[in-house]
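Trainee: So here's entry.txt, just compact mmCIF, C-alpha atoms and all ligand atoms:
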```txt
# COMPACT_ATOMS: atom_id res chain seq x y z
CA MET G 1 145.52 68.94 91.53
CA THR G 2 143.11 71.87 91.17
CA ALA G 3 142.48 74.16 88.22
CA THR G 4 140.50 77.32 87.58
CA THR G 5 138.17 77.81 84.62
CA THR G 6 137.80 81.52 83.92
CA VAL G 7 134.88 82.86 81.89
CA ASP G 8 134.61 86.35 80.47
CA VAL G 9 130.82 86.62 80.51
CA ASP G 10 129.17 89.69 82.04
CA LEU G 11 125.87 88.46 83.47
CA PHE G 12 124.52 91.98 84.06
CA THR G 13 124.36 93.62 80.64
CA ASP G 14 120.86 94.47 79.40
CA ASP G 15 121.11 91.80 76.71
CA VAL G 16 122.01 89.05 79.17
CA LEU G 17 119.39 90.13 81.69
CA ASP G 18 116.85 90.08 78.86
CA ASP G 19 117.80 86.53 77.88
CA PRO G 20 120.34 84.95 80.25
CA TYR G 21 119.88 81.39 79.06
CA PRO G 22 122.62 81.24 76.38
CA ALA G 23 125.10 82.69 78.90
CA TYR G 24 124.01 80.18 81.55
CA ARG G 25 124.45 77.32 79.12
CA ALA G 26 127.96 78.56 78.25
CA LEU G 27 128.84 78.69 81.96
CA ARG G 28 127.41 75.23 82.62
CA ASP G 29 129.37 73.81 79.70
CA ALA G 30 132.57 75.55 80.79
CA GLY G 31 132.64 73.67 84.10
CA PRO G 32 130.87 72.91 87.35
CA ILE G 33 132.43 75.90 89.11
CA VAL G 34 133.78 78.80 87.07
CA TRP G 35 135.44 82.13 87.84
CA ILE G 36 133.40 84.97 86.30
CA GLU G 37 135.96 87.61 85.36
CA PRO G 38 133.63 90.65 85.01
CA GLN G 39 131.98 90.01 88.38
CA GLN G 40 135.21 88.81 90.05
CA CYS G 41 133.53 85.90 91.78
CA TRP G 42 132.82 82.21 91.35
CA ALA G 43 129.60 80.90 89.85
CA VAL G 44 127.88 77.56 90.26
CA THR G 45 125.35 76.96 87.53
CA ARG G 46 124.71 73.22 87.28
CA TYR G 47 121.82 71.64 89.18
CA ASP G 48 123.84 69.26 91.37
CA GLU G 49 126.43 71.85 92.37
CA VAL G 50 123.82 74.55 93.06
CA ARG G 51 121.92 72.19 95.33
CA ALA G 52 125.09 70.99 97.09
CA THR G 53 126.27 74.58 97.67
CA LEU G 54 122.92 75.59 99.15
CA GLU G 55 122.87 72.48 101.32
CA ASP G 56 126.33 73.09 102.82
CA TRP G 57 125.52 76.35 104.62
CA GLU G 58 128.47 75.90 106.98
CA SER G 59 131.04 76.00 104.16
CA PHE G 60 129.05 78.46 102.01
CA THR G 61 127.56 81.03 104.33
CA SER G 62 124.96 83.75 103.83
CA ASP G 63 126.35 85.61 106.87
CA GLN G 64 128.22 88.11 104.70
CA GLY G 65 125.22 88.98 102.54
CA THR G 66 123.70 87.40 99.46
CA GLY G 67 124.35 90.17 96.94
CA LEU G 68 127.31 91.17 94.79
CA ASN G 69 128.39 94.47 96.33
CA ASP G 70 129.71 95.54 99.72
CA ALA G 71 127.00 98.13 100.40
CA VAL G 72 124.10 95.70 100.13
CA ASN G 73 125.99 92.92 101.86
CA SER G 74 126.82 95.01 104.90
CA ALA G 75 123.22 96.30 105.06
CA LEU G 76 121.91 92.71 104.99
CA THR G 77 124.23 91.29 107.64
CA GLY G 78 122.33 89.91 110.62
CA THR G 79 118.99 89.69 108.82
CA LEU G 80 117.04 86.47 108.28
CA LEU G 81 118.40 86.17 104.74
CA ALA G 82 121.99 86.82 105.79
CA SER G 83 122.47 84.94 109.03
CA SER G 84 123.27 81.42 110.23
CA PRO G 85 122.05 79.42 113.21
CA PRO G 86 121.41 80.15 115.99
CA LEU G 87 120.42 83.73 114.97
CA HIS G 88 118.84 82.54 111.70
CA ASP G 89 116.66 80.00 113.47
CA LYS G 90 115.54 82.51 116.05
CA LEU G 91 114.51 85.00 113.32
CA ARG G 92 112.87 82.36 111.13
CA GLY G 93 111.06 80.87 114.12
CA VAL G 94 109.02 84.02 114.72
CA LEU G 95 106.60 83.39 111.83
CA ALA G 96 107.47 79.77 110.97
CA GLU G 97 104.25 78.34 112.40
CA ARG G 98 102.03 80.88 110.62
CA LEU G 99 103.74 80.14 107.29
CA SER G 100 103.65 76.37 107.72
CA PRO G 101 101.09 74.30 105.78
CA ARG G 102 99.01 74.06 108.97
CA GLY G 103 99.23 77.79 109.63
CA LEU G 104 98.23 78.60 106.05
CA ARG G 105 95.34 76.14 105.85
CA SER G 106 92.75 78.63 107.07
CA LEU G 107 93.82 81.21 104.45
CA GLY G 108 92.76 79.27 101.37
CA ASP G 109 89.21 80.68 101.18
CA GLN G 110 90.32 84.23 101.84
CA ILE G 111 92.93 84.05 99.06
CA THR G 112 90.49 82.46 96.61
CA ARG G 113 87.93 85.18 97.34
CA ARG G 114 90.48 87.99 96.87
CA THR G 115 91.71 86.37 93.67
CA ARG G 116 88.21 86.18 92.21
CA GLU G 117 87.54 89.82 93.15
CA ILE G 118 90.64 90.85 91.20
CA VAL G 119 90.46 88.46 88.22
CA GLU G 120 86.72 88.41 87.37
CA PRO G 121 86.40 92.11 86.38
CA LEU G 122 89.54 91.81 84.24
CA VAL G 123 88.18 88.83 82.33
CA GLU G 124 84.84 90.62 81.90
CA ARG G 125 86.73 93.54 80.30
CA GLY G 126 87.98 91.07 77.67
CA SER G 127 91.49 92.52 77.53
CA PHE G 128 93.95 93.45 80.25
CA ASP G 129 97.62 93.82 81.17
CA VAL G 130 98.53 90.62 83.01
CA VAL G 131 101.40 92.34 84.83
CA GLY G 132 99.97 95.79 85.63
CA ASP G 133 96.35 94.74 86.26
CA LEU G 134 96.82 91.32 87.84
CA ALA G 135 100.35 90.25 88.88
CA ARG G 136 101.29 93.61 90.44
CA VAL G 137 97.94 93.84 92.22
CA LEU G 138 97.28 90.41 93.71
CA PRO G 139 100.39 89.56 95.81
CA PRO G 140 100.72 93.10 97.25
CA THR G 141 97.04 93.07 98.24
CA ILE G 142 97.18 89.65 99.85
CA VAL G 143 100.53 90.10 101.55
CA ALA G 144 99.76 93.61 102.79
CA ASP G 145 96.58 92.22 104.40
CA LEU G 146 98.45 89.33 106.03
CA VAL G 147 101.35 91.44 107.25
CA GLY G 148 98.95 94.17 108.38
CA ILE G 149 100.56 97.03 106.42
CA PRO G 150 98.85 100.45 106.75
CA ASP G 151 97.02 101.69 103.63
CA ASP G 152 99.23 104.72 103.02
CA VAL G 153 102.41 102.69 102.39
CA ARG G 154 100.85 99.86 100.37
CA PRO G 155 101.49 101.48 96.97
CA GLN G 156 105.19 101.65 97.85
CA LEU G 157 105.68 97.93 98.57
CA VAL G 158 106.37 96.90 94.97
CA PRO G 159 108.76 99.78 94.09
CA TRP G 160 110.62 99.23 97.38
CA ALA G 161 111.04 95.52 96.74
CA ASP G 162 112.13 96.08 93.14
CA ALA G 163 114.79 98.55 94.34
CA ILE G 164 116.10 96.09 96.93
CA PHE G 165 116.39 93.25 94.40
CA ASN G 166 118.21 95.58 91.99
CA MET G 167 120.65 96.37 94.77
CA MET G 168 121.85 92.74 94.78
CA GLY G 169 123.77 93.42 91.55
CA PRO G 170 127.43 94.35 91.00
CA ALA G 171 128.65 97.79 92.12
CA ASP G 172 129.83 98.79 88.64
CA LYS G 173 126.36 98.73 87.06
CA SER G 174 124.13 101.80 87.25
CA ARG G 175 121.01 99.66 87.66
CA THR G 176 122.27 98.33 91.00
CA PHE G 177 121.82 101.55 92.94
CA SER G 178 119.20 103.16 90.72
CA GLY G 179 116.57 102.66 93.43
CA ALA G 180 118.73 103.82 96.36
CA ALA G 181 116.32 106.65 97.19
CA LEU G 182 113.45 104.15 97.40
CA VAL G 183 115.45 101.88 99.69
CA GLU G 184 116.22 104.84 101.94
CA GLU G 185 112.53 105.75 101.93
CA GLN G 186 111.70 102.21 103.04
CA PHE G 187 114.32 102.24 105.80
CA ALA G 188 112.99 105.61 107.00
CA TRP G 189 109.47 104.18 107.18
CA LEU G 190 110.65 101.01 108.93
CA ALA G 191 112.54 103.04 111.53
CA ASN G 192 109.26 104.67 112.55
CA VAL G 193 107.05 101.58 112.63
CA ASP G 194 105.69 100.56 115.96
CA GLY G 195 103.69 97.37 116.36
CA SER G 196 100.40 99.18 116.99
CA MET G 197 100.49 100.59 113.41
CA LEU G 198 100.15 97.03 112.06
CA THR G 199 96.76 95.30 112.03
CA GLU G 200 95.98 93.32 115.17
CA GLY G 201 96.49 89.59 114.63
CA SER G 202 98.67 90.20 111.53
CA TRP G 203 102.08 88.67 110.81
CA GLY G 204 103.67 92.09 111.21
CA ARG G 205 102.08 92.57 114.63
CA ALA G 206 103.36 89.11 115.63
CA ILE G 207 106.92 90.24 114.84
CA TYR G 208 106.61 93.28 117.09
CA ASP G 209 104.87 91.22 119.80
CA ALA G 210 107.85 88.83 119.73
CA ALA G 211 110.16 91.81 120.26
CA ALA G 212 108.00 93.13 123.10
CA GLU G 213 108.08 89.70 124.76
CA GLY G 214 111.87 89.40 124.48
CA ARG G 215 111.87 86.64 121.85
CA LEU G 216 113.52 89.01 119.39
CA ASP G 217 115.84 92.00 119.80
CA PRO G 218 113.80 95.17 119.13
CA GLU G 219 116.21 96.29 116.38
CA GLN G 220 115.58 93.03 114.52
CA ALA G 221 111.84 93.68 114.13
CA PRO G 222 112.02 96.25 111.27
CA THR G 223 114.35 94.15 109.10
CA LEU G 224 112.24 91.05 109.70
CA LEU G 225 109.13 92.99 108.67
CA SER G 226 110.96 94.13 105.54
CA ALA G 227 112.12 90.57 104.75
CA TYR G 228 108.55 89.34 104.55
CA THR G 229 107.20 92.22 102.50
CA SER G 230 110.12 92.50 100.03
CA ALA G 231 110.59 88.78 99.44
CA ALA G 232 106.88 88.33 98.82
CA MET G 233 106.56 90.96 96.04
CA ASP G 234 108.67 90.71 92.86
CA THR G 235 109.06 86.97 93.29
CA THR G 236 105.36 86.12 93.19
CA ILE G 237 104.54 88.97 90.80
CA ASN G 238 107.05 87.68 88.26
CA ALA G 239 105.89 84.11 88.71
CA LEU G 240 102.31 85.09 87.86
CA GLY G 241 103.27 87.24 84.87
CA SER G 242 105.56 84.54 83.46
CA ALA G 243 102.89 81.89 84.01
CA VAL G 244 100.25 83.60 81.89
CA TRP G 245 102.85 84.40 79.22
CA LEU G 246 103.97 80.76 79.06
CA PHE G 247 100.38 79.54 78.82
CA ALA G 248 99.50 82.16 76.19
CA GLU G 249 102.45 80.90 74.12
CA ALA G 250 101.46 77.26 74.64
CA PRO G 251 97.64 77.00 74.25
CA ALA G 252 97.70 73.19 74.29
CA GLN G 253 99.23 73.27 77.80
CA TRP G 254 96.48 75.65 78.94
CA ARG G 255 93.77 73.40 77.50
CA ARG G 256 95.37 70.47 79.29
CA LEU G 257 95.32 72.30 82.63
CA ARG G 258 91.71 73.37 82.14
CA THR G 259 90.58 69.79 81.65
CA ASP G 260 92.63 68.43 84.55
CA ARG G 261 92.91 70.82 87.51
CA SER G 262 94.97 68.30 89.44
CA LEU G 263 97.85 69.46 87.21
CA ILE G 264 97.86 72.94 88.80
CA PRO G 265 100.61 72.26 91.40
CA ASP G 266 102.84 70.63 88.75
CA ALA G 267 102.15 73.48 86.35
CA PHE G 268 103.24 76.06 88.93
CA ASN G 269 106.44 74.12 89.64
CA GLU G 270 107.15 74.04 85.93
CA VAL G 271 106.64 77.81 85.61
CA LEU G 272 109.06 78.40 88.50
CA ARG G 273 111.56 75.99 86.98
CA ILE G 274 111.64 77.44 83.51
CA GLU G 275 111.35 81.14 84.46
CA SER G 276 112.76 81.25 87.98
CA PRO G 277 111.63 84.56 89.49
CA LEU G 278 114.79 84.93 91.60
CA GLN G 279 117.77 84.20 89.36
CA PHE G 280 120.67 84.19 91.80
CA PHE G 281 121.94 84.96 95.26
CA THR G 282 125.48 84.61 96.59
CA ARG G 283 127.35 82.86 99.37
CA VAL G 284 130.87 83.25 100.83
CA ALA G 285 133.23 80.32 101.47
CA THR G 286 134.05 80.02 105.18
CA ARG G 287 137.05 77.74 104.53
CA ASP G 288 139.16 76.60 101.61
CA VAL G 289 136.93 74.18 99.72
CA ASP G 290 138.04 71.82 96.97
CA ALA G 291 134.96 71.26 94.88
CA ALA G 292 134.86 69.69 91.41
CA ASP G 293 138.67 70.06 90.99
CA THR G 294 138.50 73.74 91.89
CA ARG G 295 139.87 75.37 95.02
CA ILE G 296 137.61 78.06 96.43
CA ARG G 297 139.49 80.03 99.06
CA ALA G 298 138.01 81.10 102.37
CA GLY G 299 136.44 84.54 101.94
CA GLU G 300 135.69 84.21 98.22
CA ARG G 301 132.18 84.91 96.94
CA ILE G 302 130.14 82.47 94.89
CA MET G 303 127.08 83.24 92.75
CA VAL G 304 124.51 80.49 93.11
CA ILE G 305 122.36 80.68 89.98
CA TYR G 306 118.97 79.07 90.60
CA GLY G 307 117.77 80.12 87.12
CA SER G 308 120.56 78.14 85.47
CA ALA G 309 120.26 75.04 87.68
CA ASN G 310 116.60 74.90 86.73
CA ARG G 311 117.53 74.64 83.05
CA ASP G 312 120.47 72.25 83.42
CA GLU G 313 120.15 69.55 80.75
CA ARG G 314 122.23 67.26 82.98
CA HIS G 315 119.31 67.14 85.41
CA TRP G 316 116.24 67.92 83.29
CA GLY G 317 117.25 66.16 80.08
CA PRO G 318 117.27 67.43 76.49
CA SER G 319 113.84 69.10 76.89
CA ALA G 320 115.12 71.33 79.72
CA ALA G 321 114.20 74.49 77.80
CA ASP G 322 110.65 73.32 77.01
CA PHE G 323 107.60 74.26 79.08
CA GLU G 324 105.84 70.99 79.91
CA ILE G 325 103.31 71.09 82.71
CA THR G 326 103.18 67.30 83.01
CA ARG G 327 106.89 67.18 83.86
CA ASP G 328 107.69 66.40 87.51
CA ALA G 329 109.53 69.62 88.35
CA SER G 330 108.91 69.35 92.09
CA ASP G 331 112.66 69.28 92.81
CA HIS G 332 113.28 72.64 91.11
CA LEU G 333 115.47 75.10 92.98
CA ALA G 334 113.46 78.28 92.37
CA PHE G 335 112.62 78.44 96.08
CA GLY G 336 116.26 77.74 96.99
CA TYR G 337 117.12 74.71 99.07
CA GLY G 338 118.14 73.87 102.62
CA LEU G 339 118.57 76.31 105.48
CA HIS G 340 117.46 79.46 103.61
CA GLY G 341 114.91 77.71 101.37
CA CYS G 342 111.92 79.99 100.85
CA VAL G 343 109.84 80.27 104.00
CA GLY G 344 106.98 81.85 102.02
CA GLN G 345 106.60 79.13 99.39
CA GLY G 346 103.35 77.83 100.87
CA LEU G 347 101.80 81.28 100.51
CA ALA G 348 103.21 81.71 96.97
CA ARG G 349 101.67 78.37 96.02
CA LEU G 350 98.27 79.32 97.50
CA GLU G 351 98.26 82.55 95.51
CA ALA G 352 99.37 80.99 92.23
CA HIS G 353 97.08 78.00 92.52
CA ALA G 354 94.13 80.34 93.15
CA VAL G 355 95.02 82.42 90.08
CA PHE G 356 95.43 79.36 87.84
CA ASP G 357 92.16 77.86 89.07
CA THR G 358 90.19 81.12 88.67
CA LEU G 359 91.57 81.75 85.19
CA ALA G 360 90.86 78.14 84.25
CA ASP G 361 87.20 78.68 85.24
CA LEU G 362 86.90 81.81 83.16
CA VAL G 363 89.33 81.75 80.22
CA THR G 364 89.51 79.30 77.32
CA ASP G 365 92.19 81.16 75.34
CA PHE G 366 94.73 83.92 75.87
CA HIS G 367 95.67 85.99 72.86
CA ILE G 368 98.77 88.19 73.18
CA GLU G 369 97.77 91.67 71.98
CA THR G 370 101.15 93.41 72.07
CA PRO G 371 104.57 91.76 72.37
CA PRO G 372 105.43 91.53 76.07
CA THR G 373 108.14 93.81 77.44
CA ARG G 374 110.65 92.60 79.96
CA HIS G 375 111.31 94.27 83.30
CA LEU G 376 115.09 94.27 83.75
CA ASN G 377 116.29 93.85 87.33
CA SER G 378 119.65 92.64 88.68
CA ALA G 379 118.22 89.64 90.52
CA VAL G 380 114.60 88.98 89.63
CA ARG G 381 113.25 88.00 86.22
CA GLY G 382 109.85 88.87 84.86
CA LEU G 383 107.75 90.96 82.50
CA ASP G 384 106.85 94.62 82.61
CA GLN G 385 103.77 94.42 80.44
CA LEU G 386 101.77 91.62 78.84
CA THR G 387 98.48 92.70 77.29
CA VAL G 388 96.21 89.81 76.45
CA SER G 389 92.68 89.45 75.20
CA VAL G 390 90.76 86.53 76.63
CA ARG G 391 87.88 84.34 75.55
C1 LIG G 401 107.13 82.50 93.62
C2 LIG G 401 107.43 83.19 94.69
C3 LIG G 401 108.73 83.11 95.44
C4 LIG G 401 109.98 82.72 95.01
C5 LIG G 401 110.38 82.23 93.63
C6 LIG G 401 110.87 82.84 96.15
C7 LIG G 401 112.22 82.50 96.12
C8 LIG G 401 113.03 82.43 97.25
C9 LIG G 401 114.37 81.90 97.28
C10 LIG G 401 115.15 81.37 96.07
C11 LIG G 401 114.83 81.99 98.55
C12 LIG G 401 116.16 81.45 99.07
C13 LIG G 401 117.20 82.51 99.30
C14 LIG G 401 118.56 81.94 99.56
O1 LIG G 401 118.91 80.87 99.04
O2 LIG G 401 119.35 82.62 100.24
C15 LIG G 401 113.78 82.61 99.34
C16 LIG G 401 113.87 82.91 100.67
C17 LIG G 401 112.91 83.63 101.36
N1 LIG G 401 111.62 83.91 100.94
FE1 LIG G 401 110.85 83.48 99.13
N2 LIG G 401 110.17 83.32 97.22
C18 LIG G 401 108.86 83.49 96.84
C19 LIG G 401 107.80 83.93 97.62
C20 LIG G 401 107.92 84.34 98.93
C21 LIG G 401 106.84 84.83 99.74
C22 LIG G 401 105.38 84.94 99.31
C23 LIG G 401 107.38 85.20 100.97
C24 LIG G 401 106.72 85.76 102.20
C25 LIG G 401 105.58 85.39 102.67
C26 LIG G 401 108.80 84.87 100.90
C27 LIG G 401 109.68 85.07 101.92
C28 LIG G 401 110.99 84.62 101.93
C29 LIG G 401 111.90 84.84 103.05
C30 LIG G 401 111.58 85.60 104.31
C31 LIG G 401 113.11 84.19 102.68
C32 LIG G 401 114.39 84.08 103.53
C33 LIG G 401 114.40 82.75 104.22
C34 LIG G 401 115.68 82.47 104.98
O3 LIG G 401 116.71 83.12 104.73
O4 LIG G 401 115.65 81.57 105.82
N3 LIG G 401 109.08 84.36 99.66
N4 LIG G 401 112.69 82.84 98.52
```
Please lay out the structure from this file as structure tokens.

Mentor:
Amino acid sequence: MTATTTVDVDLFTDDVLDDPYPAYRALRDAGPIVWIEPQQCWAVTRYDEVRATLEDWESFTSDQGTGLNDAVNSALTGTLLASSPPLHDKLRGVLAERLSPRGLRSLGDQITRRTREIVEPLVERGSFDVVGDLARVLPPTIVADLVGIPDDVRPQLVPWADAIFNMMGPADKSRTFSGAALVEEQFAWLANVDGSMLTEGSWGRAIYDAAAEGRLDPEQAPTLLSAYTSAAMDTTINALGSAVWLFAEAPAQWRRLRTDRSLIPDAFNEVLRIESPLQFFTRVATRDVDAADTRIRAGERIMVIYGSANRDERHWGPSAADFEITRDASDHLAFGYGLHGCVGQGLARLEAHAVFDTLADLVTDFHIETPPTRHLNSAVRGLDQLTVSVR
């Protein structure tokens, strides 16, 4: 006997994007799998079900795109994000070694040095915008260096990525396609890239070398290049902005981290848990699936909401909404899980750990100067501006 729980909650209004947590809680309480009427798709919002859906990539595929509208889903088809084995493994394999813990080991010093170059002058100034001066500067600088991006397009990386994440939203919202011109601009640039434009020895050059050596189809190189630059921008930027905001709001947690640096990895996990930079992606059922008394039919789309799973009281307990850096949040789902789990998480951790460590050396207190403003985007969550003074 199966039943359908229908919920009339629009997850893409400005109010909900600004603060989605009451809506997520309502969905979690309504049932393990619910039909979202405004978006005309299923949603899984509880921790166990989100993890199980991500784990079962054969029943819940990314092959038909991970967004909520046909245009983005057909554009994504066949890319790393929207493919299954064997194609997925071939695409992921191109940079897997470089992004592995072993491959990243030699980058630690370089990232620490870059981080200090960016953070020290800001702290000396005494007051700065955490988002504009730090979070939107550090990941693009580091990633552009690693991927070997030419100087003239570097300023475009963040706007391009923001536009692509917006495009994951539903077709009936104006925000979804508001950056279409930027996405076209990126595609036009990608179409003209040849490997020699990317720094020798860089990750980008390695993608084009793989194509030249027949390990990759030449037409797959531009989308793979784009996957690494786009996925590495708003995600890490939002994580860094949210981190400083959370610490500024909870000075005792910051003092704790300053006195015990071994807490830095846990603290970053906790930031990602409580303010997951990527809030959702989608999957499509490849067969009729009976899950939690609900029948999902082959071909139906399911929103998988990482940002809700990471606040599910059923998994995290009654303090799920509290920021506690001593919590063991290492099994959060902010990097996804399973086949498509974030391939760049080692780099994101290196960047964030370097920022936390540098700030911990230099800053005893953050004082919020002006109330932070939120940057609304269909899929990623973060701040637009957070001006702090530091001591
Ligand atoms: C805090 C920062 C980051 C967060 C929260 C994040 C989050 C995620 C999530 C949730 C997924 C899974 C998508 C799915 O389930 O379909 C993912 C995949 C991916 N991420 Fe990240 N990411 C971050 C940083 C990065 C960085 C720095 C890079 C590049 C170096 C990167 C590259 C990718 C790529 C290429 C994929 C697709 C993997 C696949 O489909 O197999 N990410 N990321």

Trainee: With a cut-off of 6 Å, could you pull out the residues of chain G touching ligand LIG 401 (chain G) and give me the nearest pair of atoms for each, distance in Å to one decimal, using all atoms listed in the file, ordered by chain and ascending number, as a tab-separated table?

Mentor:
```
residue	atom	partner	partner_atom	distance
G:Leu80	CA	G:LIG401	O3	4.9
G:Leu81	CA	G:LIG401	O3	3.5
G:Ala227	CA	G:LIG401	C30	5.0
G:Tyr228	CA	G:LIG401	C24	4.7
G:Ala231	CA	G:LIG401	C26	4.5
G:Ala232	CA	G:LIG401	C21	3.6
G:Thr235	CA	G:LIG401	C2	4.3
G:Thr236	CA	G:LIG401	C2	3.9
G:Ala239	CA	G:LIG401	C1	5.3
G:Pro277	CA	G:LIG401	C5	4.9
G:Leu278	CA	G:LIG401	C5	5.6
G:Ala334	CA	G:LIG401	C10	5.1
G:Phe335	CA	G:LIG401	C10	3.9
G:Gly336	CA	G:LIG401	C10	3.9
G:His340	CA	G:LIG401	O4	3.6
G:Gly341	CA	G:LIG401	C12	4.6
G:Cys342	CA	G:LIG401	C16	3.5
G:Val343	CA	G:LIG401	C28	5.0
G:Gly344	CA	G:LIG401	C23	3.5
G:Gln345	CA	G:LIG401	C19	5.3
G:Leu347	CA	G:LIG401	C22	5.3
G:Ala348	CA	G:LIG401	C22	4.5
```

Trainee: Using Å and a single decimal, report how far atom CA of Trp203 of chain G sits from atom CA of Glu97 of chain G.

Mentor: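 That distance, rounded to one decimal, is 10.7 Å.
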
Trainee: Skip Gly31 of chain G itself and residues of its chain fewer than 6 positions away, then list as a list in words all residues within 9 Å of it, counting all atoms listed in the file.

Mentor: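 Listing them by chain and then by number gives Thr5, Val44, Thr45, Arg46 and Ala292 of chain G.
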
Trainee: Leaving out Leu182 of chain G and any residue of its chain fewer than 5 positions from it, which residues lie within 12 Å of it when counting only C-alpha atoms, given as an mmCIF file with C-alpha atoms, keeping the file's coordinate frame?

Mentor:
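Output (part_8.cif):
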```cif
data_model
loop_
_atom_site.group_PDB
_atom_site.id
_atom_site.type_symbol
_atom_site.label_atom_id
_atom_site.label_comp_id
_atom_site.auth_asym_id
_atom_site.auth_seq_id
_atom_site.Cartn_x
_atom_site.Cartn_y
_atom_site.Cartn_z
ATOM 1 C CA GLN G 156 105.190 101.650 97.850
ATOM 2 C CA LEU G 157 105.680 97.930 98.570
ATOM 3 C CA VAL G 158 106.370 96.900 94.970
ATOM 4 C CA PRO G 159 108.760 99.780 94.090
ATOM 5 C CA TRP G 160 110.620 99.230 97.380
ATOM 6 C CA ALA G 161 111.040 95.520 96.740
ATOM 7 C CA ASP G 162 112.130 96.080 93.140
ATOM 8 C CA ALA G 163 114.790 98.550 94.340
ATOM 9 C CA ILE G 164 116.100 96.090 96.930
ATOM 10 C CA PHE G 165 116.390 93.250 94.400
ATOM 11 C CA ASN G 166 118.210 95.580 91.990
ATOM 12 C CA MET G 167 120.650 96.370 94.770
ATOM 13 C CA PHE G 177 121.820 101.550 92.940
ATOM 14 C CA PHE G 187 114.320 102.240 105.800
ATOM 15 C CA ALA G 188 112.990 105.610 107.000
ATOM 16 C CA TRP G 189 109.470 104.180 107.180
#
```

Trainee: Show me, as a list of chain:residue names, the residues that have an atom within 9 Å of Arg283 of chain G when counting only C-alpha atoms, minus same-chain residues fewer than 6 positions from it.

Mentor: G:Thr53, G:Leu54, G:Trp57, G:Phe60, G:Thr61, G:Ser62, G:Asp63, G:Gln64, G:Gly65, G:Thr66, G:Gly67, G:Glu300, G:Arg301, G:Ile302, G:Met303, G:Val304

Trainee: Calculated over all atoms listed in the file, which of the candidates G:Thr364, G:Asn192, G:Gln279, G:Gln220 has the smallest distance to Phe247 of chain G?

Mentor: G:Thr364

Trainee: Write out as a VMD selection string each polymer residue whose atoms come within 12 Å of Lys173 of chain G, counting only C-alpha atoms; drop sequence neighbours fewer than 5 positions from it.

Mentor: chain G and resid 10 to 14 38 to 39 68 to 69 166 to 168 178 377 to 378

Trainee: So, with all atoms listed in the file as the atoms that count, which of G:Val363, G:Val271, G:Ala354, G:Val244 lies closest to Gln385 of chain G?

Mentor: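 Looking at the shortest contact to Gln385 of chain G, the residue is G:Val244.
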
Trainee: Could you please determine the separation between atom CA of Val7 of chain G and atom CA of Ile36 of chain G in Å, to one decimal place?

Mentor: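 We find that atom CA of Val7 of chain G and atom CA of Ile36 of chain G lie 5.1 Å from each other.
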
Trainee: Using Å and a single decimal, report how far atom CA of Val131 of chain G sits from atom CA of Met233 of chain G.

Mentor: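 Computing it gives 12.4 Å between the two atoms.
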
Trainee: For each of G:Ala171, G:Ala43, G:Ile274, G:Ala96, take the minimum atom-to-atom distance to Ala206 of chain G, counting all atoms listed in the file, then give the residue where this is smallest.

Mentor: G:Ala96
